[in-house]
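Q: Provided herewith is a single structure, encoded as structure tokens, for subsequent inquiry.
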There are 4 protein chains.
Amino acid sequence: MSLLWSTETTATDERIMKFLAGEDVILDRELLRYDIRATIAHVEGLARIGVLDNDECGALVTELQSIDQRFAAGELQLDERFEDGHSAIESWLTDKLGETGARVHTGRSRNDQVLVATRLFLRDALAALGQHCRDAADACLLQANDHADWPMPGYTHLQRAVVSTVGTWFAGFAEAFIDNAALAAATADWIDANPLGTAAGYGVNLPLDREYTSAALNFGRTQINPVYTQNSRGKFELQALAALGQALQDVRRYAWDLSLFTSAEFGFVHLPDIYTTGSSIMPNKRNPDLVELLRAAHATVAGAKAEIESVLSLPSGYHRDLQATKAPVLRGFGRGLAAMECLPGLVRDTGFDRERLEAAIEPGLYATDRAIQLARDGVPFREAYRQTKSAANPDSGMTPAASIEARVSPGAAGNLQLDRLRERLDALPG
Amino acid sequence: MSLLWSTETTATDERIMKFLAGEDVILDRELLRYDIRATIAHVEGLARIGVLDNDECGALVTELQSIDQRFAAGELQLDERFEDGHSAIESWLTDKLGETGARVHTGRSRNDQVLVATRLFLRDALAALGQHCRDAADACLLQANDHADWPMPGYTHLQRAVVSTVGTWFAGFAEAFIDNAALAAATADWIDANPLGTAAGYGVNLPLDREYTSAALNFGRTQINPVYTQNSRGKFELQALAALGQALQDVRRYAWDLSLFTSAEFGFVHLPDIYTTGSSIMPNKRNPDLVELLRAAHATVAGAKAEIESVLSLPSGYHRDLQATKAPVLRGFGRGLAAMECLPGLVRDTGFDRERLEAAIEPGLYATDRAIQLARDGVPFREAYRQTKSAANPDSGMTPAASIEARVSPGAAGNLQLDRLRERLDALPG
Amino acid sequence: MSLLWSTETTATDERIMKFLAGEDVILDRELLRYDIRATIAHVEGLARIGVLDNDECGALVTELQSIDQRFAAGELQLDERFEDGHSAIESWLTDKLGETGARVHTGRSRNDQVLVATRLFLRDALAALGQHCRDAADACLLQANDHADWPMPGYTHLQRAVVSTVGTWFAGFAEAFIDNAALAAATADWIDANPLGTAAGYGVNLPLDREYTSAALNFGRTQINPVYTQNSRGKFELQALAALGQALQDVRRYAWDLSLFTSAEFGFVHLPDIYTTGSSIMPNKRNPDLVELLRAAHATVAGAKAEIESVLSLPSGYHRDLQATKAPVLRGFGRGLAAMECLPGLVRDTGFDRERLEAAIEPGLYATDRAIQLARDGVPFREAYRQTKSAANPDSGMTPAASIEARVSPGAAGNLQLDRLRERLDALPG
Amino acid sequence: MSLLWSTETTATDERIMKFLAGEDVILDRELLRYDIRATIAHVEGLARIGVLDNDECGALVTELQSIDQRFAAGELQLDERFEDGHSAIESWLTDKLGETGARVHTGRSRNDQVLVATRLFLRDALAALGQHCRDAADACLLQANDHADWPMPGYTHLQRAVVSTVGTWFAGFAEAFIDNAALAAATADWIDANPLGTAAGYGVNLPLDREYTSAALNFGRTQINPVYTQNSRGKFELQALAALGQALQDVRRYAWDLSLFTSAEFGFVHLPDIYTTGSSIMPNKRNPDLVELLRAAHATVAGAKAEIESVLSLPSGYHRDLQATKAPVLRGFGRGLAAMECLPGLVRDTGFDRERLEAAIEPGLYATDRAIQLARDGVPFREAYRQTKSAANPDSGMTPAASIEARVSPGAAGNLQLDRLRERLDALPG
């Protein structure tokens, strides 16, 4: 391992070194290309203020681009030979460019270097989150439209309550993922601030062109105060994970519903084999493993949030503790986005069984409709409620279709307002 | 207790009833006025579709306004005689208006009733959060301006690192609370959707005028799908608490800094007596209790978030579990906003001791400046780093003022850009 | 409010005072009688070392006992007139005994006073937890015995997998609550250490007879080091909540099962009306509210744990932050024990429907039995698995009874080993 | 990848397969040797009931031992070619032994297989935790003894309060880690139950000799009920992590103290270079990175606990969600034990600076001693408190040594009772 601060007299102890290193360099594989991109902007910025001349700048940018490509192609490996990704980049640069390579570090600290790389990572991650949410919402809207009049019990307390529809159920998830996409976008906007150029948290005695790097890296704004850039480490990560967690909570609910709906008892939904696995001991089974792992995916994000929150009880300024925010954010988005990616296809492949649904529409489900009708006709609700409750045949003459049709309050089964949802979906950024 | 669904044969058991009731009716004291407000809108909406005639509507609205005033004045008490706030309102109405009072429940369920009341509560709570953040940011900017050239060690790893300023420190918190205010506003916007009119989660067979109630309650949009309104219970609360938690994390950091700065060892800050308390056993002490309780306030919100997240692993539709989201959201905002409210004054009263600060500026703090200067002059950074490290007098001739002045990278001590921060603060909504 | 440390010049500000006070005095209602009990021991201890004479000691003990009785009888109120319970006790004492009353504070700090009161509270709370767990286990064993041969599908992935029994299901919860009772006992033992006599965290210059107070308060050991007594604040609370949380996780699982089993789709279980409530809008419904609130009860404890953990990131010694551990521990045990108390009755009243259970035993459930039989007969398992899977009639001639009888691996349906579980239950302390 | 349940018609989709697989096989590297060990016991158990003959058993055991050694030596790799560790073992066995290899799966499911492997892992992990805690306590006791009379301010609210000693501070951590070792042992005992032989959660139609495998694997008891074995997945992991978390909370506090004590402002402690690192930009710095990463280590465990708790809201029986408990438990113990391992050495190397400590003993620190002395002499405490507070020279004639000597309440600086702590340490199991 190459340590910038090593001196001959630095004592080391393998166990402690291993604990200090953790899995940092492995984690940096996810961040390296963002780090390179930001390093290019930094180098160009240094050239703009005359700290590097044009030749140096050109050589560095060319070499950084080459490193980026070779890393992407697997020709360069980021592994335990390096302390972290930052050291690796500098090492590869100096291998080729000698002293010029080392100058990339001028006016910069690992503190702002990791901040900007993480910020770029989060921006991409939130964009992907938004895309998956929009795709899921789109799939839900199509399914809602296709099953607008498929009857389905509406449950409260897991008890059959009133007649509802498959369309209503799908439209509910459509609106959920529209909201989640909107949240991803709002969160991306909130964290869209460039921390590069603030060094170790107190700026430097160079007239860094921070506006240039903000523009070059396509940031919406410059994060101005250097103490704040350090103090926002973990803060922005946490909010990004909160947005991810919201989406995964709705995934979890979708999975919960499917877990019930695919049981023998409900029997409402059939999933293609691609989403199920067999049992190692029970030949008769097809298990909805994907659904269950989607349900569990939120837990990874909940754990990541708790981990980061737990780290952040600190005074101002950089502390090595903050490094411990890196693993959870990468883990949370790694698993979380992998789950999100499976969702749109699953929605499209969620196949309902109309016969089983219709068989589940029992007479009692019309009681509320009838009570409300009585109330509308002037019978006091409490009285209507009692009449209906004691009625021998609360549903005389009712059909699912009639019940659905009468459910006209905006958003309800008879008035789904899919067009309005589609409109909101189409208006989302991204 | 008056239970709508009671029949003569309903068996009860005191212990179970008590567990079921929990502290719900006490909690509803915080929500009652929002519930009344939404009930008025609902009543007017029922009149618009002819379910109530104008006389009924007028009587109900007048009486609801009277209840609101009498409750605010302490003439009506919400206590264990009632199952919850919803029951209390209906009971007070029927006391005065008989059957007409009961008609307020037409086309509505407690499920959407509690949703809309909570939504209105959250909207106000986030507005208050935004206001406190803006006030804190304003106070920080004024302090930053007043102490722009007060030297102060910049710490990393709690080790003195470089020369910084009190102004830089304050400006960092200013930017933090500007961000927090922006987050409060974005979150308020995200949840600004009217759930009223979706009944128990499946709409009703009435043409409720949901656009009217959305407008009357000043919502930014109508939350369309009734399954989603139920599924968003807890979801929106959680995001509101996330915004609150972000602000309180920065409060925690401010408190951490003050906790250190007011110690005998640092001695940088003096707090007015109003913020400290004496010791019950140690006559010589003044303890920064307020600072410590501000530091702890985030924990209440972290607990509330964990509590809600833990509840939300559920299939679609209303479950009584969701009632358990009410206590944490009220507790979190109750304690959290009380903490936020103390912050702006504390910022204004944070008094630094210039002598102690200056005494803390030791020679080593100039080493980085010098290394960067060497690097700028063309010495390779690694070489500059080594030269500086081994220099006998790294700070020959340096002064705090000179170091600050040279720290010109945007945002740093010599270039705080308070105007840009002020501009962002002034541009915030609210 | 009476503040020990008040001087004429203490500036106050109502808002800040309110934030500082929080709900502390209200919370102390739960701790007051423990505080009194420990105060009596402290007073007796002071007499033993001659700091109080026998008359003073006698007068104080008599008056403390009187305060205890009057508080229990509702004649003395702990409310906002007092800063906290400690101040109230001293105030009531001095009202009666003048200066002698104030001497109760000698050699003690509120820091060790709140520690010992909380420790005594936790000890009782864990004893109650153990009792509820043992009662629940007992009820489960009786039910298991009564339903040992009632067939029931065994589910994995919520898919019907093999034949199992109601007895197996109940016996599983019996073993769970036996473990939970054992954990409550082990945890009570772990925290059974007397912190009284360590003052503010550094002991005092008096030869306090700590062994006496340990014995008088029936502690298993003396917590020796005063720095550690302060540092264990929250630590012991957290572990007590962990034990409670384990029990509530099993309650949650029991509730999850009942929530499914009482649905129309499963229809396995009928609950007496006492456990269900009606719907405010749907006359046809009986909702298992108790079951749902039991499922949600763990969330309160999860939140309380998160809250305490969040507070505890602190250096050594008392900090006012630690006061913020009081509310969550009281809230967690308040709600958690109320839930636990409902459990044994619910277990006894869980009524299974044998017909519905038998109807759920479908042919495929015998496939695993058959595969294992083939394997036992020497057919390679993989081959047996394939044969069984493709068999037209995997269950030819199988009955639930035969399948149960053959399930002889220890613990399984045909060999429940209820006696061994009963033996472990009987051997538990408490 | 080799899937037991694959058929020709199983459709697959790479993305979904990847999400399903997660990092499971990589995680199983930590569990494989435990899995092998339990598999040997299972095989021997099958031989005891005649399902395997002695030759088969002998061949399997020999081959399993060989696999174990080759895996330990790095000759066999567990990687993405396998679905998980269980599949790998079976695959390696069948490669060598053909059909006999496959018979290892008879009467067993991956469900109980992973349970028993995890249980064995936890047992070792808790033993290691106990050992590290005992080593840390031992080191603390030695340091306490060596520094019994080194004065040090005792802090409350981070304010200097009274005279204390370095010995008192070390002894506090000694008692903390004795408690933590006791908790590790109690927790190990609580989970020391053999789940092997319960198959997929409902036992099997074979007379498995579970007592044999319990004895062979050295379990304290057999976990009887098969439904409970599944339902305890995550439950036991969570409790083990709770024990680990308790130790790491005290590590965090130790690290917090060192973080302050090594600051320039406190200056109480010097750490050998081995525990510190240099700065990449600031040549003048030595940063206590190890201390900071030790402080952060608890966060990994807090996150792991939150992750598992979040998964566990499920009905009875195995669900694939439960697989998501594996990563956090391995991650929590991986990082947590690595931190614990660094602690004893750090304690031994914590070097205090007596001069700095003595300089921090200011006159006010004697005020409490004096107030208590006055109180002891019969002056009412409140009056004594006031006298002392207004005294011009509260410490006339006081010295640190005199103050320490007088601090005789058991456990305090003048009466540390290190022997009693040593006795408790020596009495711990393990």
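Letters A, B, ... mark the chains of the structure tokens in the order given; residue numbers begin at 1 per chain; ligand numbers begin at 1, in order shown.
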Please find the residues of chain A near chain C - the criterion being any atom within 6 Å, counting only C-alpha atoms - and write them as an MDAnalysis selection string.

A: chainID A and resid 159 263 265:266 282:284 364 368 385 389

Q: Skip Glu80 of chain A itself and residues of its chain fewer than 3 positions away, then list as a list of chain:residue names all residues within 12 Å of it, counting only C-alpha atoms.

A: A:Met1, A:Ser2, A:Met17, A:Lys18, A:Ala21, A:Gly22, A:Glu23, A:Asp24, A:Val25, A:Ile26, A:Leu27, A:Asp28, A:Arg29, A:Gln77, A:Glu83, A:Asp84, A:Gly85, A:Ser87, A:Ala88

Q: Mind the document's chain letters and residue numbers, and return as a PyMOL selection string the residues of segment 22-58 of chain B that DSSP labels alpha helix (DSSP H).

A: chain B and resi 24-27+32-48+54-58

Q: Residues at most 9 Å from segment 396-402 of chain C, counting only C-alpha atoms, excluding those fewer than 4 positions away in the same chain, as a list in words?

A: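 Neighbouring residues, sequence-local ones excluded: Asp149, Trp150, Pro151, Met152, Val163, Ser164, Glu358, Ile361, Pro363, Tyr366, Ala406 and Arg407 of chain C.
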
Q: So that I have them on file, write out the residues from the current selection with N, CA, C and O atoms, as a CSV table (one decimal), in the first residue's frame.

A:
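Written output follows (selection14.csv):
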chain,number,residue,atom,x,y,z
C,149,ASP,N,-53.5,-32.9,17.4
C,149,ASP,CA,-53.7,-33.7,16.1
C,149,ASP,C,-54.6,-32.9,15.1
C,149,ASP,O,-55.2,-33.5,14.2
C,150,TRP,N,-54.8,-31.6,15.4
C,150,TRP,CA,-55.6,-30.9,14.4
C,150,TRP,C,-54.7,-30.5,13.2
C,150,TRP,O,-53.8,-29.8,13.3
C,151,PRO,N,-55.1,-31.0,12.0
C,151,PRO,CA,-54.2,-30.8,10.9
C,151,PRO,C,-54.3,-29.3,10.4
C,151,PRO,O,-55.3,-28.6,10.6
C,152,MET,N,-53.2,-28.9,9.9
C,152,MET,CA,-53.1,-27.5,9.4
C,152,MET,C,-52.0,-27.5,8.4
C,152,MET,O,-50.9,-28.2,8.6
C,163,VAL,N,-48.1,-31.1,5.5
C,163,VAL,CA,-49.1,-31.2,6.6
C,163,VAL,C,-48.4,-30.9,7.9
C,163,VAL,O,-47.3,-31.4,8.2
C,164,SER,N,-49.0,-30.0,8.7
C,164,SER,CA,-48.5,-29.8,10.0
C,164,SER,C,-49.8,-29.8,10.9
C,164,SER,O,-50.8,-30.2,10.5
C,358,GLU,N,-59.0,-28.6,7.7
C,358,GLU,CA,-59.0,-29.8,7.0
C,358,GLU,C,-59.2,-29.6,5.5
C,358,GLU,O,-58.5,-30.3,4.7
C,361,ILE,N,-56.0,-28.9,3.5
C,361,ILE,CA,-55.0,-30.0,3.3
C,361,ILE,C,-55.2,-30.5,1.9
C,361,ILE,O,-56.0,-31.4,1.7
C,363,PRO,N,-53.7,-32.3,-1.7
C,363,PRO,CA,-52.8,-33.5,-2.0
C,363,PRO,C,-51.4,-33.2,-2.1
C,363,PRO,O,-50.5,-34.0,-1.6
C,366,TYR,N,-48.5,-33.9,0.6
C,366,TYR,CA,-47.9,-35.1,1.0
C,366,TYR,C,-46.6,-35.4,0.2
C,366,TYR,O,-45.9,-36.4,0.4
C,406,ALA,N,-46.4,-39.9,11.0
C,406,ALA,CA,-45.1,-40.2,10.5
C,406,ALA,C,-44.1,-39.1,10.8
C,406,ALA,O,-42.9,-39.3,10.6
C,407,ARG,N,-44.6,-37.9,11.1
C,407,ARG,CA,-43.6,-36.8,11.3
C,407,ARG,C,-43.0,-36.9,12.7
C,407,ARG,O,-43.4,-36.2,13.6

Q: DSSP says strand (DSSP E or B) for which residues of segment 195-425 of chain A? Put them as a PyMOL selection string?

A: chain A and resi 221-222+269-270+277+287+351-352

Q: Within 12 Å of Arg420 of chain C, counting only C-alpha atoms, which residues qualify if same-chain residues fewer than 2 places away don't, as a list in words?

A: Leu141, Ala171, Ala174, Glu175, Ile178, Pro410, Gly411, Asn415, Leu416, Gln417, Leu418, Arg422, Glu423, Arg424, Leu425, Asp426 and Ala427 of chain C; Arg221, Thr222, Gln223, Ile224 and Asn225 of chain D

Q: With C-alpha atoms kept, could you save the residues just selected as a PDB file, in the first residue's frame?

A:
ATOM      1  CA  LEU C 141     -48.735 -25.362  25.807  1.00  0.00           C
ATOM      2  CA  ALA C 171     -45.901 -25.311  20.632  1.00  0.00           C
ATOM      3  CA  ALA C 174     -44.653 -21.796  23.640  1.00  0.00           C
ATOM      4  CA  GLU C 175     -40.951 -22.346  23.056  1.00  0.00           C
ATOM      5  CA  ILE C 178     -40.086 -19.686  27.199  1.00  0.00           C
ATOM      6  CA  PRO C 410     -38.263 -34.667  17.557  1.00  0.00           C
ATOM      7  CA  GLY C 411     -40.413 -31.561  17.869  1.00  0.00           C
ATOM      8  CA  ASN C 415     -43.554 -35.931  18.354  1.00  0.00           C
ATOM      9  CA  LEU C 416     -44.178 -32.507  19.833  1.00  0.00           C
ATOM     10  CA  GLN C 417     -42.285 -33.103  23.077  1.00  0.00           C
ATOM     11  CA  LEU C 418     -44.583 -30.838  25.013  1.00  0.00           C
ATOM     12  CA  ARG C 422     -43.266 -27.762  30.051  1.00  0.00           C
ATOM     13  CA  GLU C 423     -40.214 -28.832  32.007  1.00  0.00           C
ATOM     14  CA  ARG C 424     -38.200 -25.880  30.700  1.00  0.00           C
ATOM     15  CA  LEU C 425     -41.073 -23.545  31.514  1.00  0.00           C
ATOM     16  CA  ASP C 426     -41.343 -24.854  35.056  1.00  0.00           C
ATOM     17  CA  ALA C 427     -37.616 -24.461  35.571  1.00  0.00           C
TER      18      ALA C 427
ATOM     19  CA  ARG D 221     -29.795 -27.880  24.367  1.00  0.00           C
ATOM     20  CA  THR D 222     -31.921 -28.945  21.447  1.00  0.00           C
ATOM     21  CA  GLN D 223     -34.241 -26.337  19.998  1.00  0.00           C
ATOM     22  CA  ILE D 224     -37.324 -28.465  19.982  1.00  0.00           C
ATOM     23  CA  ASN D 225     -40.088 -26.998  17.900  1.00  0.00           C
TER      24      ASN D 225
END
